[in-house]
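work-v5.txt, holding compact mmCIF, C-alpha atoms:
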```
# COMPACT_ATOMS: atom_id res chain seq x y z
CA MET A 1 11.16 30.64 -13.46
CA SER A 2 12.16 28.34 -16.31
CA GLY A 3 15.77 27.28 -16.33
CA ARG A 4 16.31 27.47 -12.59
CA GLN A 5 14.72 25.96 -9.58
CA PRO A 6 12.25 28.32 -7.94
CA ASP A 7 13.32 29.71 -4.60
CA GLN A 8 11.34 30.72 -1.53
CA ALA A 9 10.73 34.23 -2.91
CA ASP A 10 9.17 32.76 -6.07
CA THR A 11 7.02 30.47 -3.96
CA ASP A 12 6.01 33.32 -1.63
CA ARG A 13 4.88 35.38 -4.62
CA LEU A 14 2.80 32.51 -6.03
CA MET A 15 1.25 31.84 -2.62
CA ARG A 16 0.35 35.53 -2.28
CA GLU A 17 -1.28 35.57 -5.73
CA CYS A 18 -3.34 32.50 -4.89
CA ARG A 19 -4.40 34.00 -1.57
CA GLU A 20 -5.54 37.22 -3.24
CA ARG A 21 -7.62 35.30 -5.81
CA ALA A 22 -9.10 32.82 -3.34
CA VAL A 23 -12.68 32.66 -2.14
CA PRO A 24 -12.71 33.65 1.57
CA GLY A 25 -13.77 30.86 3.89
CA ARG A 26 -13.18 28.09 1.36
CA SER A 27 -12.69 24.81 3.27
CA HIS A 28 -10.57 22.71 0.91
CA PRO A 29 -7.48 23.56 -1.13
CA ALA A 30 -7.90 24.34 -4.81
CA ARG A 31 -6.52 21.34 -6.68
CA ASP A 32 -4.82 23.72 -9.11
CA TYR A 33 -2.35 25.39 -6.76
CA PRO A 34 0.83 26.51 -8.58
CA PRO A 35 2.99 27.04 -5.44
CA TYR A 36 2.83 23.25 -4.94
CA ARG A 37 4.52 22.38 -8.18
CA SER A 38 3.45 18.71 -8.29
CA SER A 39 -0.18 19.84 -8.63
CA GLU A 40 0.45 21.26 -12.13
CA PHE A 41 -0.33 18.10 -14.10
CA ARG A 42 -2.27 16.33 -11.36
CA HIS A 43 -5.48 18.35 -11.21
CA PRO A 44 -8.48 18.13 -13.55
CA ARG A 45 -9.07 21.07 -15.90
CA GLN A 46 -12.75 20.24 -16.39
CA SER A 47 -15.29 21.08 -13.71
CA LEU A 48 -16.41 18.26 -11.46
CA VAL A 49 -19.79 16.81 -12.37
CA VAL A 50 -22.19 17.52 -9.51
CA LEU A 51 -24.18 14.44 -8.58
CA ALA A 52 -27.12 14.82 -6.19
CA ASP A 53 -28.57 11.33 -6.52
CA PRO A 54 -30.14 10.06 -3.28
CA GLU A 55 -29.60 6.52 -4.56
CA ALA A 56 -25.84 6.96 -5.08
CA VAL A 57 -23.75 4.14 -3.62
CA GLU A 58 -21.38 6.83 -2.33
CA LEU A 59 -24.00 7.74 0.29
CA SER A 60 -23.14 4.49 2.02
CA GLY A 61 -19.59 3.48 2.83
CA PRO A 62 -17.14 0.88 4.01
CA VAL A 63 -17.28 -0.33 7.60
CA PHE A 64 -14.50 -1.64 9.84
CA GLY A 65 -14.51 -3.50 13.11
CA VAL A 66 -12.50 -5.13 15.84
CA THR A 67 -11.06 -7.65 13.38
CA ASP A 68 -9.41 -4.79 11.43
CA VAL A 69 -7.22 -3.35 14.21
CA THR A 70 -5.16 -4.68 17.08
CA ASP A 71 -4.79 -3.00 20.45
CA LEU A 72 -1.15 -2.19 19.75
CA ASP A 73 -1.89 -0.29 16.55
CA SER A 74 -2.66 2.98 18.31
CA ASP A 75 0.66 3.09 20.20
CA LEU A 76 3.42 3.82 17.69
CA THR A 77 6.06 3.67 20.43
CA ARG A 78 5.46 -0.05 21.08
CA GLN A 79 5.84 -1.57 17.63
CA HIS A 80 9.51 -2.57 18.04
CA PRO A 81 11.62 -4.14 20.80
CA GLY A 82 13.22 -0.84 21.84
CA GLU A 83 12.08 2.69 22.61
CA PRO A 84 11.91 5.15 19.72
CA LEU A 85 13.86 8.39 19.94
CA GLY A 86 12.01 11.66 20.27
CA GLU A 87 9.50 13.62 22.26
CA ARG A 88 6.68 11.28 23.28
CA ILE A 89 3.21 12.68 22.61
CA THR A 90 -0.44 11.75 22.86
CA VAL A 91 -2.76 12.95 20.09
CA THR A 92 -6.48 12.67 20.71
CA GLY A 93 -9.74 14.24 19.60
CA ARG A 94 -13.13 13.53 18.12
CA VAL A 95 -14.28 12.77 14.61
CA LEU A 96 -17.56 14.52 13.80
CA ASP A 97 -19.73 14.89 10.73
CA ARG A 98 -20.69 18.34 9.55
CA SER A 99 -23.89 18.21 11.60
CA GLY A 100 -21.75 17.77 14.72
CA ARG A 101 -22.64 14.11 15.24
CA PRO A 102 -19.84 11.78 16.33
CA VAL A 103 -18.51 9.33 13.75
CA ARG A 104 -18.70 6.06 15.68
CA ARG A 105 -16.62 2.92 15.32
CA GLN A 106 -14.85 4.08 12.21
CA LEU A 107 -11.27 3.61 11.08
CA VAL A 108 -8.63 6.29 11.68
CA GLU A 109 -5.18 5.72 10.18
CA ILE A 110 -2.05 7.83 10.67
CA TRP A 111 1.48 7.89 9.34
CA GLN A 112 4.40 10.21 10.00
CA ALA A 113 8.14 10.80 9.87
CA ASN A 114 10.30 9.88 12.86
CA ALA A 115 11.64 12.43 15.34
CA SER A 116 14.49 13.27 12.95
CA GLY A 117 12.17 13.99 10.03
CA ARG A 118 12.73 10.72 8.13
CA TYR A 119 10.03 8.37 6.80
CA ALA A 120 10.50 4.60 6.87
CA HIS A 121 10.11 4.63 3.08
CA LEU A 122 12.70 3.76 0.42
CA ARG A 123 11.92 6.91 -1.53
CA ASP A 124 12.74 9.17 1.39
CA GLN A 125 16.41 9.96 0.80
CA HIS A 126 16.66 12.77 3.34
CA PRO A 127 19.94 11.96 5.13
CA ALA A 128 18.44 12.10 8.61
CA PRO A 129 18.74 8.87 10.60
CA LEU A 130 16.19 6.10 10.43
CA ASP A 131 15.06 4.87 13.83
CA PRO A 132 15.04 1.05 14.10
CA ASN A 133 12.44 1.38 16.86
CA PHE A 134 9.99 3.54 14.95
CA THR A 135 7.97 2.83 11.81
CA GLY A 136 5.42 5.60 12.10
CA ALA A 137 2.11 3.99 11.08
CA GLY A 138 -0.92 3.54 13.34
CA ARG A 139 -4.63 2.72 13.28
CA CYS A 140 -7.57 2.79 15.64
CA LEU A 141 -11.36 2.77 15.65
CA THR A 142 -13.25 5.73 17.05
CA ASP A 143 -15.33 5.01 20.15
CA ASP A 144 -19.06 5.61 20.55
CA GLN A 145 -18.47 9.33 21.11
CA GLY A 146 -16.18 9.59 18.08
CA HIS A 147 -12.94 9.76 20.08
CA TYR A 148 -9.63 8.54 18.70
CA ARG A 149 -6.31 8.40 20.54
CA PHE A 150 -2.71 7.74 19.49
CA THR A 151 0.57 7.59 21.38
CA THR A 152 3.59 8.42 19.25
CA VAL A 153 6.62 10.70 19.05
CA LYS A 154 6.60 14.21 17.64
CA PRO A 155 7.71 14.03 13.99
CA GLY A 156 10.57 16.20 12.79
CA ALA A 157 10.43 18.83 10.05
CA TYR A 158 12.11 17.75 6.81
CA PRO A 159 13.32 19.21 3.52
CA TRP A 160 11.68 18.51 0.15
CA ARG A 161 12.32 19.61 -3.39
CA ASN A 162 9.34 21.78 -4.22
CA HIS A 163 11.68 24.76 -4.34
CA ASP A 164 15.14 25.66 -3.09
CA ASN A 165 15.29 25.46 0.71
CA ALA A 166 11.76 24.04 1.01
CA TRP A 167 10.92 22.49 4.40
CA ARG A 168 7.75 20.80 5.56
CA PRO A 169 6.49 21.81 9.02
CA ALA A 170 6.16 18.83 11.36
CA HIS A 171 2.92 16.99 10.62
CA ILE A 172 1.04 13.72 11.06
CA HIS A 173 -0.94 12.36 8.10
CA PHE A 174 -4.51 11.34 8.96
CA SER A 175 -6.89 9.14 6.95
CA LEU A 176 -10.57 9.06 7.97
CA PHE A 177 -13.81 7.37 7.02
CA GLY A 178 -17.32 8.57 7.81
CA THR A 179 -20.64 6.81 7.48
CA SER A 180 -20.65 7.47 3.74
CA PHE A 181 -17.89 7.25 1.11
CA THR A 182 -18.59 10.93 0.31
CA GLN A 183 -17.07 11.84 3.70
CA ARG A 184 -13.68 10.26 3.00
CA LEU A 185 -10.82 12.50 4.13
CA ILE A 186 -7.05 12.41 3.99
CA THR A 187 -5.37 15.37 5.62
CA GLN A 188 -2.42 16.45 7.78
CA MET A 189 -2.32 17.58 11.41
CA TYR A 190 0.19 20.27 12.34
CA PHE A 191 1.65 21.43 15.66
CA PRO A 192 0.87 24.86 17.13
CA GLY A 193 3.22 27.77 16.55
CA ASP A 194 5.42 26.15 13.91
CA PRO A 195 7.58 28.87 12.29
CA LEU A 196 7.57 26.94 8.99
CA PHE A 197 3.83 27.44 8.31
CA ARG A 198 4.28 30.64 6.33
CA TYR A 199 6.84 29.08 4.00
CA ASP A 200 5.03 25.82 3.24
CA PRO A 201 2.81 25.63 0.14
CA ILE A 202 1.01 22.50 1.37
CA ILE A 203 -0.52 24.10 4.46
CA GLN A 204 -0.80 27.45 2.63
CA SER A 205 -2.92 25.73 -0.04
CA VAL A 206 -5.67 26.35 2.53
CA THR A 207 -5.74 30.03 1.75
CA ASP A 208 -8.07 31.38 4.45
CA ASP A 209 -6.20 32.08 7.73
CA ARG A 210 -9.02 30.95 9.99
CA VAL A 211 -9.74 27.83 7.97
CA ARG A 212 -6.05 26.92 8.00
CA GLU A 213 -6.12 26.96 11.81
CA ARG A 214 -8.41 23.92 11.66
CA LEU A 215 -5.38 21.89 10.60
CA VAL A 216 -3.40 22.82 13.72
CA ALA A 217 -3.74 20.80 16.93
CA ALA A 218 -3.95 22.53 20.32
CA TYR A 219 -1.45 21.79 23.07
CA ASP A 220 -3.50 20.50 26.01
CA HIS A 221 -1.65 20.47 29.30
CA GLY A 222 -4.34 18.32 30.87
CA LEU A 223 -3.48 15.57 28.38
CA SER A 224 0.22 15.67 29.22
CA VAL A 225 1.35 12.84 31.46
CA PRO A 226 3.91 13.74 34.16
CA GLU A 227 7.41 12.40 33.44
CA LEU A 228 6.17 10.83 30.18
CA SER A 229 4.44 12.69 27.38
CA LEU A 230 2.93 15.92 26.04
CA GLY A 231 -0.70 16.06 24.95
CA TYR A 232 -2.29 17.49 21.81
CA ARG A 233 -5.96 17.74 20.99
CA TRP A 234 -7.30 17.82 17.44
CA ASP A 235 -10.94 17.43 16.44
CA ILE A 236 -11.75 16.50 12.86
CA VAL A 237 -14.94 17.37 10.97
CA LEU A 238 -15.75 15.33 7.88
CA ASP A 239 -17.23 17.18 4.91
CA GLY A 240 -19.81 15.75 2.55
CA PRO A 241 -23.23 14.27 3.13
CA ALA A 242 -23.47 11.52 5.76
CA ALA A 243 -25.06 8.18 5.04
CA THR A 244 -28.73 8.26 4.10
CA TRP A 245 -28.92 4.53 3.70
CA THR A 246 -28.87 2.00 6.51
CA GLU A 247 -29.61 -1.70 6.63
CA ASP A 248 -32.85 -0.80 8.47
CA SER A 249 -34.08 1.34 5.60
CA ALA A 250 -33.49 -1.35 2.97
CA MET B 1 -21.73 18.33 23.08
CA ASN B 2 -23.96 21.37 22.58
CA THR B 3 -23.59 22.44 19.00
CA GLN B 4 -24.90 25.95 18.42
CA GLU B 5 -23.96 25.85 14.78
CA PRO B 6 -22.65 23.07 12.56
CA PRO B 7 -18.90 22.62 12.85
CA ALA B 8 -16.74 23.65 9.91
CA PRO B 9 -15.11 20.90 7.83
CA THR B 10 -11.45 20.02 8.28
CA PRO B 11 -9.58 20.84 5.05
CA ALA B 12 -8.09 18.07 2.93
CA GLN B 13 -4.33 17.83 2.36
CA THR B 14 -2.37 15.74 -0.13
CA ILE B 15 -1.61 12.10 0.69
CA GLY B 16 2.02 12.89 -0.24
CA PRO B 17 4.55 10.31 -1.44
CA PHE B 18 5.16 8.30 1.73
CA TYR B 19 1.85 6.58 2.59
CA GLY B 20 3.11 3.24 1.26
CA TYR B 21 3.98 1.64 4.61
CA ALA B 22 0.74 2.79 6.25
CA LEU B 23 -2.29 2.53 3.98
CA PRO B 24 -1.93 -0.31 1.42
CA PHE B 25 -2.61 -3.75 2.89
CA THR B 26 -2.23 -7.36 1.80
CA GLY B 27 -5.17 -8.39 -0.36
CA GLY B 28 -6.39 -4.81 -0.64
CA GLY B 29 -7.47 -5.41 -4.23
CA ASP B 30 -9.06 -8.81 -3.60
CA LEU B 31 -12.70 -7.97 -2.89
CA ALA B 32 -13.82 -11.25 -4.46
CA PRO B 33 -13.24 -14.46 -2.51
CA ALA B 34 -10.39 -16.52 -3.95
CA GLY B 35 -11.61 -18.79 -6.74
CA HIS B 36 -15.10 -17.27 -6.92
CA PRO B 37 -16.52 -18.13 -10.37
CA ASP B 38 -18.18 -14.71 -10.81
CA ALA B 39 -15.05 -12.67 -10.05
CA VAL B 40 -14.15 -9.93 -12.50
CA THR B 41 -10.88 -8.04 -12.76
CA PHE B 42 -10.62 -4.31 -13.38
CA HIS B 43 -7.24 -2.81 -14.16
CA GLY B 44 -5.68 0.20 -15.81
CA LEU B 45 -3.26 3.07 -15.67
CA VAL B 46 -3.45 6.38 -13.87
CA ARG B 47 -1.98 9.14 -16.06
CA ASP B 48 -1.24 12.80 -15.47
CA GLY B 49 -1.70 15.81 -17.73
CA GLN B 50 1.49 15.02 -19.63
CA GLY B 51 0.29 11.51 -20.33
CA GLN B 52 2.82 10.12 -17.87
CA PRO B 53 1.87 7.20 -15.59
CA VAL B 54 1.37 8.17 -11.94
CA PRO B 55 3.36 5.72 -9.80
CA ASP B 56 2.34 7.13 -6.43
CA ALA B 57 -1.46 7.18 -6.54
CA LEU B 58 -3.74 5.30 -4.17
CA LEU B 59 -7.13 4.08 -5.35
CA GLU B 60 -10.01 3.08 -3.12
CA PHE B 61 -13.11 1.23 -4.26
CA TRP B 62 -16.58 0.99 -2.76
CA GLN B 63 -19.54 -0.84 -4.29
CA ALA B 64 -22.80 -2.57 -3.51
CA ALA B 65 -22.70 -6.34 -3.07
CA PRO B 66 -23.98 -8.47 -5.97
CA GLY B 67 -27.27 -8.95 -4.10
CA GLY B 68 -27.70 -5.18 -3.74
CA SER B 69 -26.67 -4.66 -0.10
CA ARG B 70 -24.87 -1.42 0.66
CA ALA B 71 -24.13 -2.37 4.26
CA GLY B 72 -20.59 -3.57 3.57
CA ALA B 73 -18.90 -5.70 6.23
CA PRO B 74 -15.89 -5.36 8.49
CA GLY B 75 -12.82 -7.44 7.82
CA SER B 76 -11.14 -5.84 4.81
CA LEU B 77 -7.98 -5.49 6.95
CA ARG B 78 -8.57 -8.65 9.03
CA ARG B 79 -5.62 -9.08 11.37
CA ASP B 80 -3.74 -11.92 12.94
CA PRO B 81 -4.05 -11.26 16.68
CA VAL B 82 -0.73 -13.05 17.30
CA THR B 83 1.53 -11.22 14.84
CA GLY B 84 -0.61 -8.20 13.91
CA ALA B 85 -0.14 -9.05 10.21
CA VAL B 86 -2.98 -8.44 7.77
CA LEU B 87 -4.51 -11.81 6.87
CA GLY B 88 -6.86 -10.65 4.12
CA ARG B 89 -10.62 -11.10 4.03
CA HIS B 90 -12.00 -14.42 5.19
CA GLY B 91 -14.08 -14.70 2.03
CA LEU B 92 -17.50 -15.24 3.62
CA ASP B 93 -18.58 -11.59 3.82
CA PHE B 94 -18.38 -9.20 0.92
CA THR B 95 -16.80 -6.09 2.46
CA GLY B 96 -17.36 -3.92 -0.63
CA PHE B 97 -14.13 -2.02 0.03
CA GLY B 98 -10.81 -2.20 -1.78
CA ARG B 99 -7.58 -0.23 -1.71
CA VAL B 100 -4.61 -0.49 -4.04
CA PRO B 101 -1.60 1.71 -4.72
CA THR B 102 -0.42 2.11 -8.30
CA ASP B 103 2.72 0.19 -9.21
CA ALA B 104 5.95 1.84 -10.35
CA ASP B 105 4.48 1.90 -13.89
CA GLY B 106 1.23 3.58 -12.84
CA HIS B 107 -0.79 0.36 -13.16
CA TRP B 108 -3.38 -0.99 -10.71
CA ALA B 109 -5.71 -3.99 -10.58
CA VAL B 110 -8.61 -5.20 -8.41
CA ARG B 111 -10.62 -8.45 -8.41
CA THR B 112 -14.20 -8.11 -7.31
CA LEU B 113 -17.74 -9.38 -7.80
CA PRO B 114 -19.92 -7.59 -10.34
CA PRO B 115 -22.04 -4.77 -8.85
CA PRO B 116 -25.84 -5.19 -9.00
CA ALA B 117 -27.99 -3.82 -11.82
CA GLN B 118 -29.55 -1.17 -9.58
CA ALA B 119 -26.11 0.33 -8.83
CA PRO B 120 -24.00 -0.95 -11.72
CA TYR B 121 -20.70 0.68 -10.86
CA LEU B 122 -17.68 0.75 -8.59
CA SER B 123 -17.12 4.05 -6.85
CA VAL B 124 -13.46 5.11 -6.95
CA CYS B 125 -11.68 7.58 -4.70
CA LEU B 126 -8.30 8.71 -6.01
CA PHE B 127 -5.45 10.08 -3.93
CA ALA B 128 -1.96 11.05 -5.15
CA ARG B 129 1.08 13.10 -4.40
CA GLY B 130 0.41 16.43 -6.08
CA LEU B 131 -3.35 16.10 -5.57
CA LEU B 132 -4.36 18.37 -2.67
CA HIS B 133 -7.91 17.04 -2.40
CA HIS B 134 -9.02 13.56 -3.46
CA LEU B 135 -11.18 12.92 -6.53
CA TYR B 136 -14.16 10.61 -7.02
CA THR B 137 -15.04 8.79 -10.20
CA ARG B 138 -16.97 5.62 -11.15
CA ILE B 139 -16.26 2.49 -13.16
CA TYR B 140 -19.24 1.15 -15.10
CA LEU B 141 -19.30 -2.20 -16.85
CA PRO B 142 -19.94 -1.88 -20.60
CA GLY B 143 -23.58 -1.80 -21.67
CA GLN B 144 -24.89 -0.18 -18.49
CA ASP B 145 -26.87 3.01 -18.34
CA ASP B 146 -28.08 5.29 -15.57
CA PRO B 147 -28.97 8.97 -15.12
CA LEU B 148 -25.35 10.05 -14.62
CA LEU B 149 -24.15 8.37 -17.83
CA ALA B 150 -27.23 9.52 -19.75
CA GLY B 151 -26.54 13.13 -18.82
CA LEU B 152 -22.99 13.21 -20.20
CA PRO B 153 -21.81 13.87 -23.76
CA ALA B 154 -20.56 10.67 -25.44
CA ARG B 155 -16.86 11.52 -25.19
CA ARG B 156 -17.12 12.29 -21.50
CA ARG B 157 -19.36 9.30 -20.81
CA ALA B 158 -16.78 6.97 -22.33
CA THR B 159 -14.28 7.87 -19.60
CA LEU B 160 -16.52 6.15 -17.02
CA VAL B 161 -17.07 2.90 -18.89
CA ALA B 162 -14.61 0.03 -18.65
CA THR B 163 -13.73 -1.82 -21.86
CA ALA B 164 -13.61 -5.61 -22.21
CA ASP B 165 -10.02 -6.80 -22.14
CA GLY B 166 -10.24 -10.59 -22.04
CA ASP B 167 -12.35 -13.14 -20.22
CA ARG B 168 -13.96 -11.38 -17.23
CA VAL B 169 -11.24 -8.73 -17.43
CA TYR B 170 -11.95 -5.02 -17.97
CA ARG B 171 -9.67 -2.09 -18.62
CA PHE B 172 -10.23 1.30 -16.99
CA ASP B 173 -7.65 4.06 -17.35
CA ILE B 174 -7.87 7.23 -15.30
CA ARG B 175 -6.61 10.46 -16.80
CA ILE B 176 -6.38 13.09 -14.07
CA GLN B 177 -5.91 15.93 -16.57
CA ASP B 178 -6.64 16.29 -20.24
CA ALA B 179 -3.33 16.02 -22.08
CA ASN B 180 -2.68 18.21 -25.08
CA GLN B 181 -1.58 15.20 -27.10
CA GLY B 182 -5.08 13.73 -26.87
CA GLY B 183 -6.93 11.63 -24.35
CA GLU B 184 -10.08 12.70 -22.62
CA GLU B 185 -9.91 13.76 -19.00
CA THR B 186 -11.79 11.36 -16.74
CA VAL B 187 -15.12 12.61 -15.40
CA PHE B 188 -14.75 13.35 -11.67
CA LEU B 189 -17.74 13.72 -9.39
CA ASP B 190 -18.77 16.19 -6.70
CA PHE B 191 -21.06 14.92 -3.94
CA ALA B 192 -20.37 17.84 -1.63
CA GLN B 193 -23.95 19.01 -1.27
```

As structure tokens, please, write out the structure in this file.
Amino acid sequence: MSGRQPDQADTDRLMRECRERAVPGRSHPARDYPPYRSSEFRHPRQSLVVLADPEAVELSGPVFGVTDVTDLDSDLTRQHPGEPLGERITVTGRVLDRSGRPVRRQLVEIWQANASGRYAHLRDQHPAPLDPNFTGAGRCLTDDQGHYRFTTVKPGAYPWRNHDNAWRPAHIHFSLFGTSFTQRLITQMYFPGDPLFRYDPIIQSVTDDRVRERLVAAYDHGLSVPELSLGYRWDIVLDGPAATWTEDSA
Amino acid sequence: MNTQEPPAPTPAQTIGPFYGYALPFTGGGDLAPAGHPDAVTFHGLVRDGQGQPVPDALLEFWQAAPGGSRAGAPGSLRRDPVTGAVLGRHGLDFTGFGRVPTDADGHWAVRTLPPPAQAPYLSVCLFARGLLHHLYTRIYLPGQDDPLLAGLPARRRATLVATADGDRVYRFDIRIQDANQGGEETVFLDFAQ
């Protein structure tokens, strides 16, 4: 591939090779994933050092509260004087730990491109229009059952330079905290039935078909609001051990 | 909810290049109250496997309070209810949490209070474009020891120990990948079990 930019066929071949080598059922992407070219020099070559110390500080974690969010933060369509362009959507779901317990009163942050596929970021030079009425960043706290809820617009797909004719499927970036720092997660939520999935090395870095489906929200007609918005449901399960330490156990 | 079997974890995905208007916040690196006499500064570069600085990494920090508490406190992103702007911590509680993006030259800095002797480190979570799943490491002050450090060969151990770099200032570089031209890859930790 040296001397020319890889094309989709090159990327497809690399993705197929990774899929054939992958461990079935693996939850997280391998950090060394050649189809995503930026990973080449940004993954460790040494094995991670496994630490099973019950006293590790990482088994506790940061906390957030009502002083850290405002009520408007969860509605990305109300952050400017005018209405943003695009298809208005509601995205909601629950944040759970891997035992199935709700993650209560924790911070959920999202960011996304606008309906045209453009981020409000200087480095995004994709010549799709910026929307003066849409920034694309939101926050909320989960409730006592672990629910989060955002109102926003559906982001557009956009091109990137991983390979010739590379396009990202529409997605919303999610950042999540659990009860322990070991449960920290940053991920991306996708929309059902997107024809770009098979071409995209970011979502395909999750090599198991069934595991990859966990990144895709479900359209939920019951969440759609007549004359206003479409509803999507997406539950999130945080990996890693939950907190073992509480103030009560000190 | 009736859970018959534990739910399966949601996979990680890269933070990508465009988190800058969403995640960093004013005062994200100021864990120590302004003017606190015990405050220490940690700073350094994040480098990739070619030795190049990484200008689009995000670092998060979590530590015990100087008195040993691991409870943390809300208020890292304390907001102005009138404008919605981030005001920064009010300085009375130690939240234990920090978040800073690297600058255009790959450099970062945080000001905090020293961690307690029983947990003498800052936990670091590293995100970056090109990194599909975040990485954890730790920053130890020089002269500390614990079972993790004791179990590592000297060259590897050195990647977790900050070096004095002035009065109450410590340097800590993170090398995501061992570069052929020298430089030891930072020890990254797995807590998954």

_Residue list for chain B near chain A as a PyMOL selection string, 8 Å, only C-alpha atoms_ = chain B and resi 3+6-15+18-23+48-50+62-64+69-79+81+84+95-97+119+123+129-134+148+176-178+185+187-193

*asked:* Report, in Å with one decimal, the straight-line distance from atom CA of Arg111 of chain B to atom CA of Pro37 of chain B.
replied: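 Distance between the two atoms: 11.5 Å.
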
_Protein/DNA/RNA residues near (-7.6, 0.4, -12.4), cut 10 Å, only C-alpha atoms, as a list in words_ =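 Looking at atoms near the point gives Thr41, Phe42, His43, Gly44, Leu45, Val46, Leu59, Glu60, Phe61, Val100, Pro101, Thr102, Gly106, His107, Trp108, Ala109, Val110, Val124, Ile139, Ala162, Tyr170, Arg171, Phe172, Asp173 and Ile174 of chain B.
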
Take the residues just selected and output them with C-alpha atoms as a short mmCIF file (atom, residue, chain, number, x, y, z; two decimals), in the coordinates of the input.
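Written output follows (selection_5.cif):
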```cif
data_model
loop_
_atom_site.label_atom_id
_atom_site.label_comp_id
_atom_site.auth_asym_id
_atom_site.auth_seq_id
_atom_site.Cartn_x
_atom_site.Cartn_y
_atom_site.Cartn_z
CA THR B 41 -10.88 -8.04 -12.76
CA PHE B 42 -10.62 -4.31 -13.38
CA HIS B 43 -7.24 -2.81 -14.16
CA GLY B 44 -5.68 0.20 -15.81
CA LEU B 45 -3.26 3.07 -15.67
CA VAL B 46 -3.45 6.38 -13.87
CA LEU B 59 -7.13 4.08 -5.35
CA GLU B 60 -10.01 3.08 -3.12
CA PHE B 61 -13.11 1.23 -4.26
CA VAL B 100 -4.61 -0.49 -4.04
CA PRO B 101 -1.60 1.71 -4.72
CA THR B 102 -0.42 2.11 -8.30
CA GLY B 106 1.23 3.58 -12.84
CA HIS B 107 -0.79 0.36 -13.16
CA TRP B 108 -3.38 -0.99 -10.71
CA ALA B 109 -5.71 -3.99 -10.58
CA VAL B 110 -8.61 -5.20 -8.41
CA VAL B 124 -13.46 5.11 -6.95
CA ILE B 139 -16.26 2.49 -13.16
CA ALA B 162 -14.61 0.03 -18.65
CA TYR B 170 -11.95 -5.02 -17.97
CA ARG B 171 -9.67 -2.09 -18.62
CA PHE B 172 -10.23 1.30 -16.99
CA ASP B 173 -7.65 4.06 -17.35
CA ILE B 174 -7.87 7.23 -15.30
#
```

Please identify all polymer residues within 8 Å of Pro132 of chain A, counting all atoms listed in the file, omitting same-chain residues fewer than 2 positions from it, and present them as a PDB file with C-alpha atoms, in the coordinates of the input.
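For reference, out.pdb as written:
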```pdb
ATOM      1  CA  HIS A  80       9.510  -2.570  18.040  1.00  0.00           C
ATOM      2  CA  PRO A  84      11.910   5.150  19.720  1.00  0.00           C
ATOM      3  CA  LEU A 130      16.190   6.100  10.430  1.00  0.00           C
ATOM      4  CA  PHE A 134       9.990   3.540  14.950  1.00  0.00           C
ATOM      5  CA  THR A 135       7.970   2.830  11.810  1.00  0.00           C
TER       6      THR A 135
END
```

*asked:* When you count all atoms listed in the file, which of these residues is closest to Pro35 of chain A: A:Gly222, A:Pro201, A:Pro81, A:Pro169?
replied: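 Checking each candidate against Pro35 of chain A, we get A:Pro201 as the closest.
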
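Between atom CA of Leu92 of chain B and atom CA of Pro33 of chain B the separation is 7.5 Å.
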